[in-house]
Structures are given as C-alpha cells and as structure tokens.
Amino acid sequence: MTFAMQERPGEFTSFDFPAGVPAPFNMAAAILSNFEMLSTKEKLLMVPGLLPMLLEGQPFIDAQDELSVLEFMRKYGMPERINEEIFIAMGKALDFIDPDKLSMTVILTAMNRFINEADGSQTAFLDGNQPERLCAPMVSHIEAKGGTVRLNAPVRQILTHEDGSISGLTMSDGSVLTADMYVSAMPVDVFKRMTPTAWSTLPYFQQFDELEGIPVINVHIWFDRKLQSVDGLCFSRSPLLSVYADMSTTCAEYYDEEASMLELVFAPCSPIAGSDVNWIAKSDEEIIDATMGELARLFPNEIANDPAWPATSSQTARGTAKLVKHAVVRVPRSVYAATPGRNKYRPSQASPISNLVMAGDWTSQKFLGSMEGAVLAGKLAAELVSDRALGGQGQPLKPVQEAIITRAAAATPKQPVGVRGDFPIAFGGGSQGVGSEASHP
Ligand SMILES: Cc1cc2nc3c(=O)[nH]c(=O)nc-3n(C[C@H](O)[C@H](O)[C@H](O)COP(=O)(O)OP(=O)(O)OC[C@H]3O[C@@H](n4cnc5c(N)ncnc54)[C@H](O)[C@@H]3O)c2cc1C
C-alpha cells in the first residue's frame, strides 16, 4: 500500500507486507517497519481499538456500525494523527466519504482482511478494459453453458400476481419476460424506483429507504510526458483526491514509457460526502483545474505552470508536464453511503417474495459495497436459487428492524416512479458533462 507523504510533497511511503509471512504477522511487520507515517507511540495507541477485533472477530466489527470513525477513535483514545495519516485516506478510498461521516465497520472490515488473509491488502488491476477483459469472458462462459446475455435491455416494470409474486418483467422494448425465479442485481436507488405497489408497504422493501448511493467523480488525465510513477494504487492523501493510479505503468493495455495517463478518484465530491463544495455540479474545467492544483502539490517537480489551469500558477519552471486531454465521469449514485448504522438495513438475498432473490453489493454480505461484495452477493443469491430448486429453503430472511416494521404498518401503498431516460446514469452509471450537456460513455 503506497501513500503520498503529506509533509514531503513529491515523496511516497509504503506499508510493505513481506511475502511468505502469514497474516496477521505480515501486517504487523508492515506497520512496525514503516516509521514515516506513525510514531511507535501512535502505533501502540491503535492497539486498544484493534485488539477486540482480533479477539472477537466479526461480531465486534458488526457492533461498531453505529459509530463513525471519529466516534470510535475517541472511544478508544486513538490520537487524531491516526485519522489524518491513515483513516481519512481509507475512508475516501473505501466509500468516497470523510471519517466523520463513515461507519467504523467499513475501516474494520478492511483491516480484518489484512489481519486474516496474507494477501488481503493487495490491490490489483485488470490488464485491459473491463468490457473485453472482464465482461466478455463471463458472457462466453454463460453462453457456453446454454445461457443468453441481453445487453441494453433494461427492465421497465416488475409485474406481480395477486399474491405479490412476480408474474413477469416488462422490458424497455415492451416485451414481457417470464421466468421461474427472478434475481435483481440493480443498485438500491434504481430498485426503489421500480418497487411494485404491492410490495411498497412490506418492511423488507421499506428498509431500502435507509440506503442511498453516494456521489463520486472519476477523472482521467493524459500528460505529454511520463510522471514519477508507482506501479500500483496510490493513496493521494490530498483534500480533494482519493486513490489514483498511473495507468501507463499499472495496466498492460495502456502501458506507455513516454507519457502518463492518470485515473483518479475525486472524493468527497458533494456535501453529503463531506465536501464544502458540490463538485459534482461544477464544470469539467473547474474539476480539472482543482485536480491539477492537487497534482501540482503531489508532483511539485513535475507538473508545469500552465495558464490553462490557474491552480498550477505557483509551479516553478522545474515542472514541465502538461495536460494533453482529460475526461470527467460523474457518478451521482455510486456505492451505498456507509454512514453509521446502515448495515442493519442491508437486506438478505432471501426476500419475502417467493420468486425474487436479491443481489448487488448493497445486499447483506460480509464484504463492503465493492466489486468483491457484488461477487459474494451474487454467489449467495445463486446458492439460494439452487437450494430452492432442490426443494430446500436456503438462507433465511434477515430480520427487519422493529422501527421499520412499525413505519411499514402505517405506510400507504406507492406507485413505482420508474426509471426515466435510457442513459447509464438513470441506471446507476456515470456521465460526462452536466445538465443538458451530459453525454454518456
Ligand atoms: C469511481 C468508482 C471507483 C470504484 N473503485 C472500486 C475499486 O477500486 N474496488 C472495488 O471493489 N469497487 C470499486 N467501486 C465500486 C464498484 O464499482 C461497485 O461496488 C460494484 O460495481 C457494484 O456492483 P453491482 O453489480 O452491485 O452494481 P453495479 O455495478 O452498479 O451494476 C448494476 C447493474 O444493473 C444495471 N441496471 C440498473 N437498473 C436496471 C434495469 N432496470 N434493468 C436492467 N439493468 C439495470 C446497471 O446498468 C448496472 O449494469 C468503484 C465505484 C466507482 C463509481
């Protein structure tokens, strides 16, 4: 794990988990051998908060969901510098929000992986673009087994029988699909707009109102020359940026020894995530200028003073790298915001509807709202479908909170508002540009 040094711009430090050493000893070695971010005293002051996780495991992690990262730190007497040095970077990377808004369970879930799995801290990159390198092999696998994959075929409406079970799905072309079982992997914000009237007062679906996607921005910048580059993911530890990678070094398809292409996560990017500025509504030029200002601080000897980007104006003549082109992708509703107390509202894959199974990273599973969380939720959903096909019951329904049950009892049925528009953003994806200027990659 590589971190930009806050006090020494242009320099990086890393926590090196030694190869061949089992967890958690490799994590201990990584922390103890890094003297650039935390002092020995600060490392020792982390122990009271982290020891219960080692001893009690998942129940302790789950129980911390009601506390924000800052509340947890105060409770266990952790010094503020641990927040500044480590937790801000982790919060922005794991959920795109600041630690005062983030549930401590998120940080502990990540740390638990480091403690229990020798390679739990590893980050990895695909060797090329997702459609070809990730999605196409999955499609081939499904087709080889006799399945069909239909792209650009959104579900418009979920149709129900008298008893509430699904009778079919109306697709965007007006056709109706029917099946024995239906699995939804839609994001929570989309599902809420599609919930059929017959389900709208059921506690299981009412709890979805407690979950909401967090906005984030992804920035791509091409430079005219190569920057100092780390082969992997970097925690930028700058106020506006989260993690970034130089794709010209980390990714085979974009490999280039002459010029860098950075992909950066811009977070927090709106007040709900902890930013004073609603960056997601700003123009591309404003976002890129702010990003260039942060990059100038990260790479003081490399980024040029470029009048096109006023935030670089304090750069000296030492910096020569200039931006060639850029792209800004806004995702107004990305992963669910893991603010304190959300875990108890994440639904089980089992639903109260006899032929509906839920999936998606936001459903209940031990990983975070992430790619591996989405995969695990999918596996749990598949298990449930096959258990039921074999005549079993499979995973039980997760109990719904009493307060939600009370609220549901007084609720009046609601018509689904449906998804408006055919753009990816309407289905939880991203867009370039704002307002009427939006275009969709
Ligand atoms: C900028 C950014 C950076 C990230 N970085 C990381 C990272 O480094 N590591 C990591 O693990 N995770 C990362 N994530 C999070 C990760 O992308 C998500 O956790 C993951 O994609 C969730 O998968 P999912 O299948 O649950 O949902 P999604 O990927 O959102 O997929 C839902 C799908 O449902 C489709 N859909 C919606 N409505 C309908 C409908 N009505 N009919 C048909 N289809 C519909 C959508 O088009 C979409 O394809 C990042 C996210 C963002 C935005």
# chains A, B, ... in the order shown; residues from 1 in each chain; ligands from 1
$ closest_atom_pairs --of "region 206-308 of chain A" --to "region 92-95 of chain A" --cutoff "12 Å" --atoms "only C-alpha atoms" --output "JSON lines"
{"residue": "A:Gly213", "atom": "CA", "partner": "A:Asp95", "partner_atom": "CA", "distance": 10.1}
{"residue": "A:Ile214", "atom": "CA", "partner": "A:Asp95", "partner_atom": "CA", "distance": 8.0}
{"residue": "A:Pro215", "atom": "CA", "partner": "A:Asp95", "partner_atom": "CA", "distance": 9.9}
{"residue": "A:Val216", "atom": "CA", "partner": "A:Asp95", "partner_atom": "CA", "distance": 9.3}
{"residue": "A:Ile217", "atom": "CA", "partner": "A:Lys92", "partner_atom": "CA", "distance": 11.9}
{"residue": "A:Leu233", "atom": "CA", "partner": "A:Ala93", "partner_atom": "CA", "distance": 10.4}
{"residue": "A:Cys234", "atom": "CA", "partner": "A:Ala93", "partner_atom": "CA", "distance": 10.0}
{"residue": "A:Phe235", "atom": "CA", "partner": "A:Ala93", "partner_atom": "CA", "distance": 7.7}
{"residue": "A:Ser236", "atom": "CA", "partner": "A:Ala93", "partner_atom": "CA", "distance": 9.7}
{"residue": "A:Arg237", "atom": "CA", "partner": "A:Lys92", "partner_atom": "CA", "distance": 8.9}
{"residue": "A:Ser238", "atom": "CA", "partner": "A:Lys92", "partner_atom": "CA", "distance": 10.2}
{"residue": "A:Pro239", "atom": "CA", "partner": "A:Lys92", "partner_atom": "CA", "distance": 9.7}
{"residue": "A:Leu240", "atom": "CA", "partner": "A:Lys92", "partner_atom": "CA", "distance": 9.5}
{"residue": "A:Leu241", "atom": "CA", "partner": "A:Lys92", "partner_atom": "CA", "distance": 8.2}
{"residue": "A:Ser242", "atom": "CA", "partner": "A:Lys92", "partner_atom": "CA", "distance": 5.5}
{"residue": "A:Val243", "atom": "CA", "partner": "A:Ala93", "partner_atom": "CA", "distance": 5.9}
{"residue": "A:Tyr244", "atom": "CA", "partner": "A:Ala93", "partner_atom": "CA", "distance": 9.4}
{"residue": "A:Leu264", "atom": "CA", "partner": "A:Ala93", "partner_atom": "CA", "distance": 10.6}
{"residue": "A:Val265", "atom": "CA", "partner": "A:Ala93", "partner_atom": "CA", "distance": 8.1}
{"residue": "A:Phe266", "atom": "CA", "partner": "A:Lys92", "partner_atom": "CA", "distance": 8.9}
{"residue": "A:Ala267", "atom": "CA", "partner": "A:Lys92", "partner_atom": "CA", "distance": 6.2}
{"residue": "A:Pro268", "atom": "CA", "partner": "A:Lys92", "partner_atom": "CA", "distance": 6.7}
{"residue": "A:Cys269", "atom": "CA", "partner": "A:Lys92", "partner_atom": "CA", "distance": 10.2}
{"residue": "A:Ala273", "atom": "CA", "partner": "A:Asp95", "partner_atom": "CA", "distance": 9.0}
{"residue": "A:Gly274", "atom": "CA", "partner": "A:Lys92", "partner_atom": "CA", "distance": 10.0}
{"residue": "A:Ser275", "atom": "CA", "partner": "A:Lys92", "partner_atom": "CA", "distance": 11.2}
$ write_last_selection --atoms "N, CA and C atoms" --output "short mmCIF file (atom, residue, chain, number, x, y, z; two decimals), in the first residue's frame"
data_model
loop_
_atom_site.label_atom_id
_atom_site.label_comp_id
_atom_site.auth_asym_id
_atom_site.auth_seq_id
_atom_site.Cartn_x
_atom_site.Cartn_y
_atom_site.Cartn_z
N GLY A 213 -27.21 5.78 -2.61
CA GLY A 213 -25.88 5.83 -3.26
C GLY A 213 -25.17 7.15 -3.00
N ILE A 214 -23.83 7.08 -2.93
CA ILE A 214 -23.01 8.26 -2.65
C ILE A 214 -22.44 8.79 -3.99
N PRO A 215 -22.39 10.12 -4.14
CA PRO A 215 -21.82 10.64 -5.40
C PRO A 215 -20.29 10.54 -5.41
N VAL A 216 -19.73 10.32 -6.58
CA VAL A 216 -18.27 10.32 -6.72
C VAL A 216 -17.93 10.74 -8.15
N ILE A 217 -16.72 11.23 -8.33
CA ILE A 217 -16.27 11.63 -9.68
C ILE A 217 -15.00 10.86 -10.00
N LEU A 233 -1.72 1.07 -6.90
CA LEU A 233 -2.66 2.09 -6.42
C LEU A 233 -1.97 2.99 -5.40
N CYS A 234 -2.19 4.31 -5.50
CA CYS A 234 -1.61 5.26 -4.53
C CYS A 234 -2.73 5.96 -3.77
N PHE A 235 -2.51 6.12 -2.48
CA PHE A 235 -3.40 6.97 -1.69
C PHE A 235 -2.84 8.38 -1.78
N SER A 236 -3.59 9.30 -2.42
CA SER A 236 -3.02 10.63 -2.68
C SER A 236 -2.94 11.46 -1.40
N ARG A 237 -3.85 11.21 -0.47
CA ARG A 237 -3.95 11.95 0.79
C ARG A 237 -3.99 13.46 0.55
N SER A 238 -4.69 13.86 -0.51
CA SER A 238 -4.90 15.29 -0.72
C SER A 238 -6.37 15.57 -0.45
N PRO A 239 -6.72 16.81 -0.10
CA PRO A 239 -8.10 17.08 0.33
C PRO A 239 -9.15 16.68 -0.72
N LEU A 240 -8.86 16.87 -1.99
CA LEU A 240 -9.89 16.61 -3.00
C LEU A 240 -9.78 15.25 -3.66
N LEU A 241 -8.60 14.65 -3.59
CA LEU A 241 -8.42 13.39 -4.32
C LEU A 241 -8.37 12.21 -3.35
N SER A 242 -8.80 11.06 -3.87
CA SER A 242 -8.70 9.83 -3.08
C SER A 242 -7.55 9.01 -3.69
N VAL A 243 -7.84 7.80 -4.12
CA VAL A 243 -6.78 6.98 -4.71
C VAL A 243 -6.61 7.31 -6.19
N TYR A 244 -5.45 7.00 -6.73
CA TYR A 244 -5.23 7.16 -8.16
C TYR A 244 -4.20 6.14 -8.62
N LEU A 264 -8.01 9.00 -11.55
CA LEU A 264 -8.08 9.45 -10.16
C LEU A 264 -9.52 9.46 -9.68
N VAL A 265 -9.68 9.14 -8.41
CA VAL A 265 -11.00 9.27 -7.78
C VAL A 265 -11.03 10.61 -7.05
N PHE A 266 -12.03 11.43 -7.42
CA PHE A 266 -12.18 12.77 -6.83
C PHE A 266 -13.25 12.64 -5.74
N ALA A 267 -12.81 12.71 -4.47
CA ALA A 267 -13.75 12.49 -3.35
C ALA A 267 -13.20 13.12 -2.07
N PRO A 268 -14.08 13.58 -1.16
CA PRO A 268 -15.53 13.64 -1.29
C PRO A 268 -15.91 14.75 -2.27
N CYS A 269 -16.99 14.52 -3.02
CA CYS A 269 -17.29 15.47 -4.09
C CYS A 269 -18.62 16.18 -3.90
N ALA A 273 -21.18 13.86 1.19
CA ALA A 273 -19.98 13.02 1.42
C ALA A 273 -18.94 13.74 2.27
N GLY A 274 -19.21 15.01 2.62
CA GLY A 274 -18.26 15.72 3.49
C GLY A 274 -17.54 16.87 2.84
N SER A 275 -17.85 17.18 1.57
CA SER A 275 -17.16 18.30 0.90
C SER A 275 -17.94 19.60 1.12
#
$ closest_residue --among "A:Glu71, A:Asp100, A:Asp361, A:Glu56" --to "ligand 1" --atoms "only C-alpha atoms and all ligand atoms"
A:Asp361
$ residues_around --residues "Met186 (chain A)" --least-positions-apart "2" --cutoff "10 Å" --atoms "only C-alpha atoms" --output "PyMOL selection string"
chain A and resi 155+183-184+188-192+194+358-362+427-428
$ atom_distance --atom1 "CA of Ser68 (chain A)" --atom2 "atom 9 (N, counted along the ligand's line) of ligand 1"
21.6 Å
$ residues_around --residues "Met5 (chain A)" --least-positions-apart "6" --cutoff "9 Å" --atoms "only C-alpha atoms" --output "PyMOL selection string"
chain A and resi 11-13+36-37+236-237+298
$ residues_around --residues "Ser172 (chain A)" --least-positions-apart "5" --cutoff "7 Å" --atoms "only C-alpha atoms" --output "list in words"
Ala153, Pro154, Val155 and Arg156 of chain A
$ closest_residue --among "A:Leu356, A:Ala245, A:Leu384, A:Leu202" --to "ligand 1" --atoms "only C-alpha atoms and all ligand atoms"
A:Ala245
$ atom_distance --atom1 "CA of Gln122 (chain A)" --atom2 "atom 7 (C, counted along the ligand's line) of ligand 1"
11.9 Å
$ closest_residue --among "A:Met73, A:Pro424, A:Gly49, A:Gln365" --to "Gly378 (chain A)" --atoms "only C-alpha atoms"
A:Gln365
$ residues_around --residues "region 103-111 of chain A" --least-positions-apart "4" --cutoff "6 Å" --atoms "only C-alpha atoms" --output "list in words"
Ile61, Gln64, Asp65, Leu67, Ser68, Val69, Ala338, Thr339 and Pro340 of chain A
$ closest_residue --among "A:Asn112, A:Ser351, A:Thr195, A:Val419" --to "Asp62 (chain A)" --atoms "only C-alpha atoms"
A:Asn112
$ residues_around --residues "region 17-20 of chain A" --least-positions-apart "4" --cutoff "12 Å" --atoms "only C-alpha atoms" --output "mmCIF file with C-alpha atoms, in the first residue's frame"
data_model
loop_
_atom_site.group_PDB
_atom_site.id
_atom_site.type_symbol
_atom_site.label_atom_id
_atom_site.label_comp_id
_atom_site.auth_asym_id
_atom_site.auth_seq_id
_atom_site.Cartn_x
_atom_site.Cartn_y
_atom_site.Cartn_z
ATOM 1 C CA MET A 1 0.000 0.000 0.000
ATOM 2 C CA THR A 2 1.575 3.266 -1.138
ATOM 3 C CA PRO A 24 -1.526 -11.235 10.737
ATOM 4 C CA PHE A 25 2.280 -11.293 11.168
ATOM 5 C CA ASN A 26 2.858 -9.784 7.719
ATOM 6 C CA MET A 27 0.549 -6.888 8.684
ATOM 7 C CA ALA A 28 2.390 -6.405 11.989
ATOM 8 C CA ALA A 29 5.710 -6.382 10.103
ATOM 9 C CA ALA A 30 4.333 -3.862 7.567
ATOM 10 C CA ILE A 31 3.152 -1.475 10.289
ATOM 11 C CA LEU A 32 6.179 -1.848 12.544
ATOM 12 C CA SER A 33 8.690 -1.376 9.733
ATOM 13 C CA ASN A 34 7.166 1.904 8.491
ATOM 14 C CA PHE A 114 -5.407 -7.625 6.336
ATOM 15 C CA ILE A 115 -5.351 -9.494 9.642
ATOM 16 C CA GLU A 117 -5.575 -13.114 4.805
ATOM 17 C CA ALA A 118 -1.919 -12.964 3.771
ATOM 18 C CA ASP A 119 -2.818 -11.144 0.534
ATOM 19 C CA GLY A 120 -5.778 -9.201 1.980
ATOM 20 C CA SER A 121 -4.015 -5.856 1.461
ATOM 21 C CA GLN A 122 -3.242 -6.414 -2.204
#
$ closest_residue --among "A:Thr363, A:Gln395, A:Ser175, A:Thr148" --to "ligand 1" --atoms "only C-alpha atoms and all ligand atoms"
A:Thr363
$ closest_residue --among "A:Ser14, A:Gln415, A:Asn83, A:Gln130" --to "Pro99 (chain A)" --atoms "only C-alpha atoms"
A:Asn83
$ select_by_dssp --residues "region 69-223 of chain A" --states "helix (DSSP H, G or I)" --output "ChimeraX atom specification"
/A:69-75,80-95,104-116,130-144,188-194,197-199,203-210
$ select_by_dssp --residues "region 90-179 of chain A" --states "strand (DSSP E)" --output "VMD selection string"
chain A and resid 155 to 160 166 to 171 176 to 177
$ write_last_selection --atoms "C-alpha atoms" --output "tab-separated table (two decimals), in the first residue's frame"
chain	number	residue	atom	x	y	z
A	155	VAL	CA	-36.35	-3.77	-17.19
A	156	ARG	CA	-39.07	-1.07	-17.16
A	157	GLN	CA	-41.54	-2.61	-14.74
A	158	ILE	CA	-41.87	-5.56	-12.39
A	159	LEU	CA	-45.32	-7.17	-12.82
A	160	THR	CA	-46.96	-9.02	-9.93
A	166	ILE	CA	-43.59	-11.78	-9.87
A	167	SER	CA	-45.64	-12.58	-12.97
A	168	GLY	CA	-43.15	-11.09	-15.44
A	169	LEU	CA	-40.87	-8.20	-16.34
A	170	THR	CA	-41.82	-5.55	-18.86
A	171	MET	CA	-38.71	-4.73	-20.86
A	176	VAL	CA	-42.63	-9.25	-21.28
A	177	LEU	CA	-40.15	-11.82	-19.93
$ decode --residues "region 79-188 of chain A" --atoms "C-alpha atoms" --output "PDB file, in the first residue's frame"
ATOM      1  CA  PRO A  79      -4.730  10.101  18.593  1.00  0.00           C
ATOM      2  CA  GLU A  80      -6.051  12.464  15.901  1.00  0.00           C
ATOM      3  CA  ARG A  81      -2.925  11.900  13.797  1.00  0.00           C
ATOM      4  CA  ILE A  82      -4.043   8.319  13.037  1.00  0.00           C
ATOM      5  CA  ASN A  83      -7.096   9.856  11.418  1.00  0.00           C
ATOM      6  CA  GLU A  84      -5.023  12.355   9.448  1.00  0.00           C
ATOM      7  CA  GLU A  85      -2.404   9.840   8.395  1.00  0.00           C
ATOM      8  CA  ILE A  86      -4.476   6.699   7.758  1.00  0.00           C
ATOM      9  CA  PHE A  87      -8.253   6.849   8.244  1.00  0.00           C
ATOM     10  CA  ILE A  88      -9.036   9.842   6.007  1.00  0.00           C
ATOM     11  CA  ALA A  89      -7.240   8.078   3.154  1.00  0.00           C
ATOM     12  CA  MET A  90      -9.032   4.787   3.892  1.00  0.00           C
ATOM     13  CA  GLY A  91     -12.479   6.423   4.186  1.00  0.00           C
ATOM     14  CA  LYS A  92     -12.096   8.282   0.911  1.00  0.00           C
ATOM     15  CA  ALA A  93     -10.849   5.138  -0.831  1.00  0.00           C
ATOM     16  CA  LEU A  94     -13.372   2.675   0.592  1.00  0.00           C
ATOM     17  CA  ASP A  95     -16.558   4.728   0.489  1.00  0.00           C
ATOM     18  CA  PHE A  96     -15.654   8.129  -1.007  1.00  0.00           C
ATOM     19  CA  ILE A  97     -16.508   9.930   2.256  1.00  0.00           C
ATOM     20  CA  ASP A  98     -14.739  11.537   5.206  1.00  0.00           C
ATOM     21  CA  PRO A  99     -14.273   9.711   8.550  1.00  0.00           C
ATOM     22  CA  ASP A 100     -16.767  11.871  10.473  1.00  0.00           C
ATOM     23  CA  LYS A 101     -19.474  10.567   8.112  1.00  0.00           C
ATOM     24  CA  LEU A 102     -18.222   6.984   7.749  1.00  0.00           C
ATOM     25  CA  SER A 103     -19.190   3.908   9.791  1.00  0.00           C
ATOM     26  CA  MET A 104     -16.218   2.384  11.661  1.00  0.00           C
ATOM     27  CA  THR A 105     -17.357  -1.027  10.436  1.00  0.00           C
ATOM     28  CA  VAL A 106     -16.038  -0.104   6.980  1.00  0.00           C
ATOM     29  CA  ILE A 107     -12.486   0.523   8.241  1.00  0.00           C
ATOM     30  CA  LEU A 108     -12.550  -2.550  10.481  1.00  0.00           C
ATOM     31  CA  THR A 109     -13.868  -4.767   7.677  1.00  0.00           C
ATOM     32  CA  ALA A 110     -10.886  -3.783   5.522  1.00  0.00           C
ATOM     33  CA  MET A 111      -8.442  -4.227   8.409  1.00  0.00           C
ATOM     34  CA  ASN A 112      -9.948  -7.611   9.235  1.00  0.00           C
ATOM     35  CA  ARG A 113      -8.992  -8.766   5.738  1.00  0.00           C
ATOM     36  CA  PHE A 114      -5.407  -7.625   6.336  1.00  0.00           C
ATOM     37  CA  ILE A 115      -5.351  -9.494   9.642  1.00  0.00           C
ATOM     38  CA  ASN A 116      -6.827 -12.747   8.365  1.00  0.00           C
ATOM     39  CA  GLU A 117      -5.575 -13.114   4.805  1.00  0.00           C
ATOM     40  CA  ALA A 118      -1.919 -12.964   3.771  1.00  0.00           C
ATOM     41  CA  ASP A 119      -2.818 -11.144   0.534  1.00  0.00           C
ATOM     42  CA  GLY A 120      -5.778  -9.201   1.980  1.00  0.00           C
ATOM     43  CA  SER A 121      -4.015  -5.856   1.461  1.00  0.00           C
ATOM     44  CA  GLN A 122      -3.242  -6.414  -2.204  1.00  0.00           C
ATOM     45  CA  THR A 123      -4.705  -4.180  -4.865  1.00  0.00           C
ATOM     46  CA  ALA A 124      -4.722  -5.366  -8.445  1.00  0.00           C
ATOM     47  CA  PHE A 125      -5.561  -4.064 -11.881  1.00  0.00           C
ATOM     48  CA  LEU A 126      -7.060  -5.722 -14.905  1.00  0.00           C
ATOM     49  CA  ASP A 127      -4.609  -5.863 -17.804  1.00  0.00           C
ATOM     50  CA  GLY A 128      -7.080  -4.038 -20.051  1.00  0.00           C
ATOM     51  CA  ASN A 129     -10.540  -2.536 -20.386  1.00  0.00           C
ATOM     52  CA  GLN A 130     -13.429  -4.106 -18.480  1.00  0.00           C
ATOM     53  CA  PRO A 131     -15.790  -4.923 -21.360  1.00  0.00           C
ATOM     54  CA  GLU A 132     -13.155  -7.065 -23.090  1.00  0.00           C
ATOM     55  CA  ARG A 133     -11.123  -8.380 -20.166  1.00  0.00           C
ATOM     56  CA  LEU A 134     -13.834  -8.938 -17.539  1.00  0.00           C
ATOM     57  CA  CYS A 135     -17.291  -8.975 -19.094  1.00  0.00           C
ATOM     58  CA  ALA A 136     -16.624 -10.790 -22.389  1.00  0.00           C
ATOM     59  CA  PRO A 137     -15.174 -13.940 -20.694  1.00  0.00           C
ATOM     60  CA  MET A 138     -18.200 -14.081 -18.379  1.00  0.00           C
ATOM     61  CA  VAL A 139     -20.572 -13.786 -21.331  1.00  0.00           C
ATOM     62  CA  SER A 140     -18.685 -16.573 -23.164  1.00  0.00           C
ATOM     63  CA  HIS A 141     -18.932 -18.791 -20.078  1.00  0.00           C
ATOM     64  CA  ILE A 142     -22.688 -18.210 -19.729  1.00  0.00           C
ATOM     65  CA  GLU A 143     -23.292 -18.815 -23.434  1.00  0.00           C
ATOM     66  CA  ALA A 144     -21.166 -21.977 -23.421  1.00  0.00           C
ATOM     67  CA  LYS A 145     -23.479 -23.314 -20.686  1.00  0.00           C
ATOM     68  CA  GLY A 146     -26.567 -22.562 -22.813  1.00  0.00           C
ATOM     69  CA  GLY A 147     -27.460 -19.189 -21.280  1.00  0.00           C
ATOM     70  CA  THR A 148     -28.196 -15.899 -23.034  1.00  0.00           C
ATOM     71  CA  VAL A 149     -26.952 -12.417 -22.156  1.00  0.00           C
ATOM     72  CA  ARG A 150     -29.031  -9.474 -23.367  1.00  0.00           C
ATOM     73  CA  LEU A 151     -27.321  -6.086 -23.293  1.00  0.00           C
ATOM     74  CA  ASN A 152     -29.040  -2.701 -23.478  1.00  0.00           C
ATOM     75  CA  ALA A 153     -32.305  -4.332 -22.447  1.00  0.00           C
ATOM     76  CA  PRO A 154     -33.459  -2.538 -19.281  1.00  0.00           C
ATOM     77  CA  VAL A 155     -36.349  -3.769 -17.186  1.00  0.00           C
ATOM     78  CA  ARG A 156     -39.074  -1.072 -17.160  1.00  0.00           C
ATOM     79  CA  GLN A 157     -41.545  -2.608 -14.739  1.00  0.00           C
ATOM     80  CA  ILE A 158     -41.866  -5.559 -12.388  1.00  0.00           C
ATOM     81  CA  LEU A 159     -45.323  -7.172 -12.823  1.00  0.00           C
ATOM     82  CA  THR A 160     -46.962  -9.018  -9.928  1.00  0.00           C
ATOM     83  CA  HIS A 161     -49.622 -11.680  -9.343  1.00  0.00           C
ATOM     84  CA  GLU A 162     -52.426 -11.208  -6.792  1.00  0.00           C
ATOM     85  CA  ASP A 163     -50.257 -12.930  -4.132  1.00  0.00           C
ATOM     86  CA  GLY A 164     -47.401 -10.461  -4.747  1.00  0.00           C
ATOM     87  CA  SER A 165     -45.120 -12.920  -6.567  1.00  0.00           C
ATOM     88  CA  ILE A 166     -43.594 -11.780  -9.875  1.00  0.00           C
ATOM     89  CA  SER A 167     -45.643 -12.578 -12.970  1.00  0.00           C
ATOM     90  CA  GLY A 168     -43.152 -11.094 -15.444  1.00  0.00           C
ATOM     91  CA  LEU A 169     -40.874  -8.204 -16.344  1.00  0.00           C
ATOM     92  CA  THR A 170     -41.823  -5.546 -18.857  1.00  0.00           C
ATOM     93  CA  MET A 171     -38.705  -4.729 -20.862  1.00  0.00           C
ATOM     94  CA  SER A 172     -37.908  -1.372 -22.475  1.00  0.00           C
ATOM     95  CA  ASP A 173     -38.972  -2.676 -25.909  1.00  0.00           C
ATOM     96  CA  GLY A 174     -42.407  -3.517 -24.476  1.00  0.00           C
ATOM     97  CA  SER A 175     -41.879  -7.290 -24.457  1.00  0.00           C
ATOM     98  CA  VAL A 176     -42.630  -9.255 -21.278  1.00  0.00           C
ATOM     99  CA  LEU A 177     -40.149 -11.816 -19.927  1.00  0.00           C
ATOM    100  CA  THR A 178     -41.230 -14.595 -17.590  1.00  0.00           C
ATOM    101  CA  ALA A 179     -39.100 -16.955 -15.504  1.00  0.00           C
ATOM    102  CA  ASP A 180     -39.222 -19.474 -12.650  1.00  0.00           C
ATOM    103  CA  MET A 181     -37.055 -17.253 -10.442  1.00  0.00           C
ATOM    104  CA  TYR A 182     -36.007 -13.607 -10.734  1.00  0.00           C
ATOM    105  CA  VAL A 183     -32.718 -12.212  -9.382  1.00  0.00           C
ATOM    106  CA  SER A 184     -32.329  -8.442  -9.096  1.00  0.00           C
ATOM    107  CA  ALA A 185     -28.790  -7.006  -9.088  1.00  0.00           C
ATOM    108  CA  MET A 186     -29.988  -3.422  -9.636  1.00  0.00           C
ATOM    109  CA  PRO A 187     -28.474  -0.672  -7.462  1.00  0.00           C
ATOM    110  CA  VAL A 188     -30.611   0.263  -4.450  1.00  0.00           C
TER     111      VAL A 188
END
